[in-house]
Structure formats: C-alpha cells, structure tokens
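Chemist: Pasting in a structure now, in structure tokens, and then I'll have a few things to ask.
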Amino acid sequence: MRVWSDAQEYYVAMCRVFRAFPFDLKRVASQQIASTDSVHRNIAEGYCRRSRREYLNFLNYALGSVGESVSGLHAYRSAEQISEADFERLNAMAYKLENGLLRLVESLEQKRGDGDWEDQLIIKESNLAYNVTSEPDACNVPQFPNSPIPQL
C-alpha cells in the first residue's frame, strides 16, 4: 500500500531530523518521533484486524497522529528548533500522507454508503500461496499478497 509506505518514509525522515536534538530536548524529540511511528503502525494494525470497521477506525487514528506530528513541526519551527528546510520537507511529506489517508478513508466510507460494505476483509487462501513445508524456517514465512506489510 502506497500510504503505508509513505508513512514509513515520513517516520524515517522525522527520525533523521529529531535524533539530532540536544539532550535537554530529547523528551520532545522522542514524542515527535513516536507520533510519526504510530502512523504506519495504525495503518498496519487496522488492516490486520480483518474488519473494515476497525480498519477505518485505525486509519482515523493514523490521521490523528499525522495531525499531532504536524502540530509539533509548527511549534518546533516557531521555536527555531528545526530549520525552515526541514520544516518544509517534513510538512510536505505529512501533507501527502494525510491526503493519501483521507482518500483511503473516503474510499472505504463510499463502499459503506453504496451498500458495498462487507465487515470482514477476506483473504483467499491456498496451500500454494504459503509454500509451507513440514518444518517451519525463516524461508517459509507465509506470504500475504494484499498486506500493507512488505513481503520477505
């Protein structure tokens, strides 16, 4: 999923900026990083709940975390704790991520409005899709083709 990938890129970019904060600001830097970390985690957790209703709830939590992180960016920029260039880059990433999340939420809500809403997300299973042997090992990890989590 593109939005999940964008959320991870946002997290990595945020880490690069905020891990350089001085010791006396580590708590606020940690909070800023945590707010961006929760975005991709909420997308994945909601998807893995296997319920469209729960997925929608977690996407809204992810949107809230994006908002929390953007609020922090504005505060840190006003306090001159981050550069204008870092602010602009991170803010643009947040804008793209927020819009991707909003489109995904809108798409799911549209399905509900059209009556095309099934509460359970369905995975088509087959033994061939898993390539499972009798002895599990790192090479026989189940593959989920529609997962927002990258395949091994």
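Chain identifiers are assigned as A, B, and so on, following the order in which chains appear in the structure tokens; residues are numbered from 1 within each chain, and ligands are numbered from 1 in order of appearance.
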Which residues are close to range 19-22 of chain A, i.e. within 12 Å by only C-alpha atoms, leaving aside same-chain residues fewer than 3 positions away? Reply as a ChimeraX atom specification.
Modeler: /A:11-16,25-34,76,80-83
Chemist: Quick one: of A:Tyr61, A:Ala94, A:Glu84, A:Ser78, who's nearest to Gln8 in chain A, counting only C-alpha atoms?
Modeler: A:Ala94
Chemist: Smallest atom-to-atom distance to Tyr55 in chain A: which of A:Asp114, A:Glu109, A:Asp24, A:Glu88, using only C-alpha atoms?
Modeler: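 The shortest atom-to-atom distance to Tyr55 in chain A comes from A:Glu109.
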Chemist: In Å, how far is it from CA of Asn42 in chain A to CA of Gly72 in chain A?
Modeler: 19.1 Å
Chemist: Considering only C-alpha atoms, state which residue in the set A:Val17, A:Leu73, A:Val66, A:Leu108 is at the smallest distance from Lys96 in chain A.
Modeler: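 Checking each candidate against Lys96 in chain A, we get A:Val66 as the closest.
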Chemist: To one decimal place in Å, what is the distance between CA of Glu68 in chain A and CA of Gly113 in chain A?
Modeler: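 According to the coordinates, CA of Glu68 in chain A and CA of Gly113 in chain A are separated by 29.0 Å.
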Chemist: Counting only C-alpha atoms, which residue out of A:His40, A:Asn57, A:Ala62, A:Glu45 sits closest to Glu98 in chain A?
Modeler: A:Ala62
Chemist: Looking at only C-alpha atoms, which of A:Phe23, A:Ala44, A:Arg89, A:Met1 is the one that sits closest to Leu56 in chain A?
Modeler: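 Counting only C-alpha atoms, the residue closest to Leu56 in chain A is A:Ala44.
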Chemist: Quick check, in Å to one decimal: how far apart do CA of Arg2 in chain A and CA of Leu90 in chain A lie?
Modeler: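 Rounded to one decimal, the two atoms are 17.3 Å apart.
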Chemist: Between A:Ser65, A:Ala79, A:Gly100, A:Cys48, which is the closest to Ser5 in chain A once you count only C-alpha atoms?
Modeler: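 Counting only C-alpha atoms, the residue closest to Ser5 in chain A is A:Gly100.
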